[in-house]
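J.: Structure provided below as structure tokens; questions to follow.
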Amino acid sequence: MQIGLIGCGNMGGGMAAQLIENDSELICYDPNPEILSKMRNLGAICAKTASELAQLADIIILSLPKATVVDAVMRDIVSDIRPDSIVLDTSTSEPATSQAMAVLGDANGFSFIDGPVSGGPAAANAGTMTMLLGGNASAIKRLTPVLDILTAKTVIVGGSGAGHAAKIANNMLCAANLVLLGEAVRLGQAAGVAPEDLLQGINAGSGRSGVSEVNFPKWILNNAFNSGFTMGLMRKDVGLALDLAHGTGVDLSGFAQIADIWLNASRDISDSADFNEIVKHDGNLDHDV
């Protein structure tokens, strides 16, 4: 089985390393020559174009920055994708794009599966990502050997587009929890409770979350801020949540003020900064580490 990977940056590069380490035959394409050179050094075959890769691969993995890029790449390679191939889109894209690509796949004899991932570059490099899958069940089953290499957990959440809808909802909650827990920590400090002690209490109670259990101890309280996921990427995801709500007619008034913090009030924090730095938007945390 020949696997192709289009987009070999932070997340794609980690997936490439895992696939090669597990003896997969991997073809890579990235428009950045330096990134492509790194893939070659890892042991991947490097295609000159995305179309050349599509002509050779049985499974094509996409790791691209946004939905418009997914759409452009797919329309560029559609005539080159082999019959009965599977395209697995691990990008954080949009449900409507996935649904359109699935229709394109049905018309051209291949399957398109949306499989956005969580866990960041560290999880990609370790093969411990979580993947939310949407699309044809039999095609997802055929992906099992690849998914076993790339992920620690997979969840099938529905038909085409469901994976990306679930990922947008998940990241919306992560964005909200970071802002809210930052405020909770400042509240605790003002009342004389150290952040570390407050977190122990929260994580023993009903207010706990992935942000309180992972983000704060791993990247925030120690001032590491090196998760590998940027403010710009989370701002994009916050925008995707608002766009999806607008398109579906869902009222997100409870999220609106938090979205405004990400998109406007925190503009003193650059897009290139670690996304966990959103906790600084109302002042630095005051604690000793």
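If you're wondering about the labels, chains in the structure tokens are A, B, ... by order shown, residues count from 1 in each chain, ligands from 1 in order shown.
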Using only C-alpha atoms, what table do you get, as JSON lines, when you list each residue of range 185-263 of chain A with an atom no more than 12 Å from range 161-169 of chain A, its nearest pair of atoms, and their distance in Å rounded to one decimal, rows by chain then rising number?
T.:
{"residue": "A:Leu233", "atom": "CA", "partner": "A:Ile168", "partner_atom": "CA", "distance": 12.0}
{"residue": "A:Met234", "atom": "CA", "partner": "A:Ile168", "partner_atom": "CA", "distance": 10.2}
{"residue": "A:Arg235", "atom": "CA", "partner": "A:Ile168", "partner_atom": "CA", "distance": 11.6}
{"residue": "A:Lys236", "atom": "CA", "partner": "A:Ile168", "partner_atom": "CA", "distance": 10.1}
{"residue": "A:Asp237", "atom": "CA", "partner": "A:Ile168", "partner_atom": "CA", "distance": 6.5}
{"residue": "A:Val238", "atom": "CA", "partner": "A:Ile168", "partner_atom": "CA", "distance": 7.9}
{"residue": "A:Gly239", "atom": "CA", "partner": "A:Ile168", "partner_atom": "CA", "distance": 9.5}
{"residue": "A:Leu240", "atom": "CA", "partner": "A:Ile168", "partner_atom": "CA", "distance": 6.7}
{"residue": "A:Ala241", "atom": "CA", "partner": "A:Ile168", "partner_atom": "CA", "distance": 5.8}
{"residue": "A:Leu242", "atom": "CA", "partner": "A:Ile168", "partner_atom": "CA", "distance": 9.6}
{"residue": "A:Asp243", "atom": "CA", "partner": "A:Ile168", "partner_atom": "CA", "distance": 10.2}
{"residue": "A:Leu244", "atom": "CA", "partner": "A:Ala165", "partner_atom": "CA", "distance": 8.1}
{"residue": "A:Ala245", "atom": "CA", "partner": "A:Ala169", "partner_atom": "CA", "distance": 10.1}
{"residue": "A:Gly247", "atom": "CA", "partner": "A:Ala165", "partner_atom": "CA", "distance": 12.0}
{"residue": "A:Thr248", "atom": "CA", "partner": "A:Ala165", "partner_atom": "CA", "distance": 11.2}
{"residue": "A:Leu252", "atom": "CA", "partner": "A:Ala169", "partner_atom": "CA", "distance": 11.3}
{"residue": "A:Phe255", "atom": "CA", "partner": "A:Ala169", "partner_atom": "CA", "distance": 11.3}
J.: Enumerate, in order of chain and increasing residue number, the residues of range 127-163 of chain A with an atom no farther than 10 Å from range 39-62 of chain A, each with its shortest atom pair and distance in Å to one decimal, counting only C-alpha atoms, as a tab-separated table.
T.:
residue	atom	partner	partner_atom	distance
A:Arg142	CA	A:Ile59	CA	9.7
A:Leu143	CA	A:Ile59	CA	8.2
A:Val146	CA	A:Ile59	CA	9.1
J.: Going by DSSP on the backbone, which residues of range 16-144 of chain A come out as strand (DSSP E or B)? List them as a PyMOL selection string.
T.: chain A and resi 25-29+45-46+59-62+86-89+111-114+117-118+129-134
J.: Write out as a VMD selection string all residues of range 46-256 of chain A that DSSP puts in alpha helix (DSSP H) for this structure's backbone.
T.: chain A and resid 50 to 56 67 to 77 95 to 108 120 to 126 137 to 142 144 to 150 162 to 190 195 to 203 210 231 to 248 253 to 256
J.: Excluding same-chain residues fewer than 2 positions from Leu64 in chain A, what lies within 10 Å of it counting only C-alpha atoms, as an MDAnalysis selection string?
T.: chainID A and resid 6:9 11:12 30 61:62 66:70 73 89:93
J.: Store the residues picked out above in a file with C-alpha atoms, as a JSON list (two decimals), in the first residue's frame.
T.:
[["chain", "number", "residue", "atom", "x", "y", "z"],
["A", 6, "ILE", "CA", 0.61, 16.43, 0.99],
["A", 7, "GLY", "CA", 1.69, 19.12, 3.45],
["A", 8, "CYS", "CA", 4.71, 18.16, 5.56],
["A", 9, "GLY", "CA", 5.02, 21.02, 8.06],
["A", 11, "MET", "CA", 1.84, 18.15, 11.94],
["A", 12, "GLY", "CA", 2.51, 16.54, 8.57],
["A", 30, "ASP", "CA", 5.24, 20.07, 0.04],
["A", 61, "ILE", "CA", -3.19, 12.22, 3.55],
["A", 62, "LEU", "CA", -3.72, 15.98, 3.52],
["A", 66, "LYS", "CA", -7.18, 25.79, 5.80],
["A", 67, "ALA", "CA", -10.25, 24.82, 3.82],
["A", 68, "THR", "CA", -9.51, 26.99, 0.80],
["A", 69, "VAL", "CA", -6.15, 25.26, 0.38],
["A", 70, "VAL", "CA", -7.78, 21.83, 0.72],
["A", 73, "VAL", "CA", -5.29, 21.09, -3.89],
["A", 89, "ASP", "CA", -7.99, 15.17, 5.28],
["A", 90, "THR", "CA", -6.34, 15.78, 8.66],
["A", 91, "SER", "CA", -6.44, 19.57, 8.25],
["A", 92, "THR", "CA", -8.68, 21.76, 10.40],
["A", 93, "SER", "CA", -11.06, 22.47, 7.54]]
J.: From the options A:Ala191, A:Ala137, A:Met129, A:Ile278, which residue's atoms come nearest to Ile149 in chain A, counting only C-alpha atoms?
T.: A:Met129
J.: From the set A:Ala175, A:Ile220, A:Ile20, A:Leu181, which residue has the shortest atom-to-atom contact distance to Leu263 in chain A, counting only C-alpha atoms?
T.: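 Nearest candidate to Leu263 in chain A out of A:Ala175, A:Ile220, A:Ile20, A:Leu181: A:Ala175.
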J.: Quick one: residues within 8 Å of Ala122 in chain A, only C-alpha atoms counted, chain neighbours fewer than 3 positions away excluded, as a PyMOL selection string?
T.: chain A and resi 14+119+125-126+227-228
J.: Out of A:Val117, A:Leu133, A:Ala152, A:Ile77, which residue has the shortest atom-to-atom distance to Ser98 in chain A when counting only C-alpha atoms?
T.: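 Counting only C-alpha atoms, the residue closest to Ser98 in chain A is A:Leu133.
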J.: Find, counting only C-alpha atoms, the residue in A:Val179, A:Val155, A:Ala124, A:Met15 that gets nearest to Gln257 in chain A.
T.: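 Nearest to Gln257 in chain A: A:Val179.
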J.: So that I can check the surroundings of range 105-109 of chain A, please list as a list in words every protein, DNA and RNA residue that reaches within 10 Å of it, counting only C-alpha atoms and ignoring chain neighbours fewer than 3 positions away.
T.: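 Selected residues are Met74, Val78, Ser79, Asp80, Ile81, Arg82, Pro83, Asp84, Ser85, Ile86, Val87, Gln99, Ala100, Met101, Ala102, Phe112 and Ile113 of chain A.
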J.: Dump N, CA, C and O atoms for the selected residues as a short mmCIF file (atom, residue, chain, number, x, y, z; two decimals), in the first residue's frame?
T.:
data_model
loop_
_atom_site.label_atom_id
_atom_site.label_comp_id
_atom_site.auth_asym_id
_atom_site.auth_seq_id
_atom_site.Cartn_x
_atom_site.Cartn_y
_atom_site.Cartn_z
N MET A 74 -7.29 19.72 -3.91
CA MET A 74 -8.13 18.62 -4.39
C MET A 74 -8.56 18.84 -5.84
O MET A 74 -8.55 17.90 -6.66
N VAL A 78 -7.62 16.10 -8.70
CA VAL A 78 -8.75 15.18 -8.81
C VAL A 78 -8.63 14.23 -9.99
O VAL A 78 -8.96 13.03 -9.87
N SER A 79 -8.15 14.72 -11.11
CA SER A 79 -8.06 13.85 -12.29
C SER A 79 -6.91 12.86 -12.20
O SER A 79 -6.83 11.92 -13.00
N ASP A 80 -6.03 13.04 -11.21
CA ASP A 80 -4.87 12.15 -11.06
C ASP A 80 -5.06 11.11 -9.96
O ASP A 80 -4.24 10.20 -9.82
N ILE A 81 -6.10 11.26 -9.15
CA ILE A 81 -6.31 10.32 -8.04
C ILE A 81 -6.76 8.97 -8.58
O ILE A 81 -7.67 8.88 -9.41
N ARG A 82 -6.11 7.94 -8.11
CA ARG A 82 -6.38 6.60 -8.63
C ARG A 82 -7.75 6.09 -8.17
O ARG A 82 -8.21 6.40 -7.06
N PRO A 83 -8.42 5.28 -8.99
CA PRO A 83 -9.71 4.69 -8.58
C PRO A 83 -9.56 3.88 -7.30
O PRO A 83 -8.54 3.21 -7.09
N ASP A 84 -10.57 3.96 -6.45
CA ASP A 84 -10.63 3.24 -5.18
C ASP A 84 -9.63 3.76 -4.14
O ASP A 84 -9.46 3.13 -3.09
N SER A 85 -8.98 4.87 -4.43
CA SER A 85 -8.09 5.47 -3.44
C SER A 85 -8.91 6.15 -2.35
O SER A 85 -10.12 6.39 -2.50
N ILE A 86 -8.24 6.48 -1.24
CA ILE A 86 -8.86 7.20 -0.14
C ILE A 86 -8.05 8.46 0.13
O ILE A 86 -6.82 8.41 0.24
N VAL A 87 -8.74 9.58 0.23
CA VAL A 87 -8.11 10.83 0.66
C VAL A 87 -8.54 11.09 2.10
O VAL A 87 -9.74 11.15 2.40
N GLN A 99 -17.77 17.99 2.67
CA GLN A 99 -18.93 17.44 1.97
C GLN A 99 -18.80 17.62 0.46
O GLN A 99 -19.12 16.70 -0.32
N ALA A 100 -18.31 18.76 0.03
CA ALA A 100 -18.12 19.00 -1.40
C ALA A 100 -17.06 18.07 -1.97
O ALA A 100 -17.19 17.55 -3.09
N MET A 101 -15.99 17.83 -1.20
CA MET A 101 -14.93 16.95 -1.67
C MET A 101 -15.39 15.49 -1.69
O MET A 101 -14.96 14.70 -2.53
N ALA A 102 -16.27 15.13 -0.77
CA ALA A 102 -16.82 13.77 -0.78
C ALA A 102 -17.67 13.55 -2.02
O ALA A 102 -17.63 12.47 -2.65
N PHE A 112 -13.40 10.35 0.11
CA PHE A 112 -12.82 11.48 0.84
C PHE A 112 -13.31 11.42 2.28
O PHE A 112 -14.51 11.44 2.54
N ILE A 113 -12.36 11.32 3.21
CA ILE A 113 -12.67 11.21 4.64
C ILE A 113 -12.12 12.42 5.38
O ILE A 113 -10.95 12.78 5.21
#
J.: Quick one: of A:Ile156, A:Val185, A:Leu19, A:Leu26, who's nearest to Ser138 in chain A, counting only C-alpha atoms?
T.: A:Ile156
J.: CA of Cys174 in chain A to CA of Ala190 in chain A: how many Å, to one decimal?
T.: 24.2 Å
J.: Using only C-alpha atoms for the distances, tell me which of A:Gly13, A:Gly201, A:Gly135, A:Gly4 is nearest to Gly120 in chain A.
T.: A:Gly13
J.: Got a sec: who's within 9 Å of Met231 in chain A, counting only C-alpha atoms, leaving out chain neighbours fewer than 3 positions off, as a VMD selection string?
T.: chain A and resid 234 to 236 262 269 to 278
J.: Would you write out those residues with N, CA, C and O atoms, as a short mmCIF file (atom, residue, chain, number, x, y, z; two decimals), in the first residue's frame?
T.:
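Written file, selection22.cif:
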data_model
loop_
_atom_site.label_atom_id
_atom_site.label_comp_id
_atom_site.auth_asym_id
_atom_site.auth_seq_id
_atom_site.Cartn_x
_atom_site.Cartn_y
_atom_site.Cartn_z
N MET A 234 -5.33 29.33 16.57
CA MET A 234 -6.55 29.29 17.37
C MET A 234 -7.50 30.42 16.99
O MET A 234 -8.73 30.23 16.99
N ARG A 235 -6.96 31.58 16.64
CA ARG A 235 -7.85 32.64 16.16
C ARG A 235 -8.60 32.18 14.91
O ARG A 235 -9.78 32.48 14.73
N LYS A 236 -7.89 31.46 14.03
CA LYS A 236 -8.55 30.92 12.84
C LYS A 236 -9.68 29.98 13.25
O LYS A 236 -10.79 30.05 12.70
N TRP A 262 -10.32 36.71 21.82
CA TRP A 262 -9.35 36.08 20.92
C TRP A 262 -9.07 36.94 19.68
O TRP A 262 -7.92 37.11 19.28
N ILE A 269 -1.03 40.31 21.70
CA ILE A 269 -0.34 39.01 21.64
C ILE A 269 -0.29 38.60 20.17
O ILE A 269 -1.32 38.46 19.53
N SER A 270 0.90 38.41 19.64
CA SER A 270 1.06 38.19 18.20
C SER A 270 0.51 36.83 17.77
O SER A 270 0.42 35.89 18.56
N ASP A 271 0.19 36.72 16.49
CA ASP A 271 -0.29 35.46 15.93
C ASP A 271 0.75 34.36 16.06
O ASP A 271 0.40 33.17 16.11
N SER A 272 2.03 34.71 16.11
CA SER A 272 3.09 33.69 16.18
C SER A 272 3.32 33.18 17.59
O SER A 272 4.01 32.18 17.79
N ALA A 273 2.73 33.84 18.60
CA ALA A 273 2.91 33.40 19.99
C ALA A 273 2.16 32.10 20.24
O ALA A 273 1.22 31.74 19.53
N ASP A 274 2.57 31.37 21.26
CA ASP A 274 1.87 30.14 21.66
C ASP A 274 0.44 30.48 22.08
O ASP A 274 0.20 31.48 22.76
N PHE A 275 -0.50 29.64 21.68
CA PHE A 275 -1.91 29.97 21.93
C PHE A 275 -2.26 30.01 23.40
O PHE A 275 -3.22 30.69 23.81
N ASN A 276 -1.48 29.34 24.24
CA ASN A 276 -1.74 29.38 25.67
C ASN A 276 -1.49 30.76 26.28
O ASN A 276 -1.95 31.05 27.38
N GLU A 277 -0.80 31.62 25.54
CA GLU A 277 -0.53 32.98 26.05
C GLU A 277 -1.78 33.83 26.10
O GLU A 277 -1.73 34.97 26.62
N ILE A 278 -2.91 33.33 25.64
CA ILE A 278 -4.16 34.06 25.78
C ILE A 278 -4.45 34.35 27.26
O ILE A 278 -5.14 35.33 27.59
#
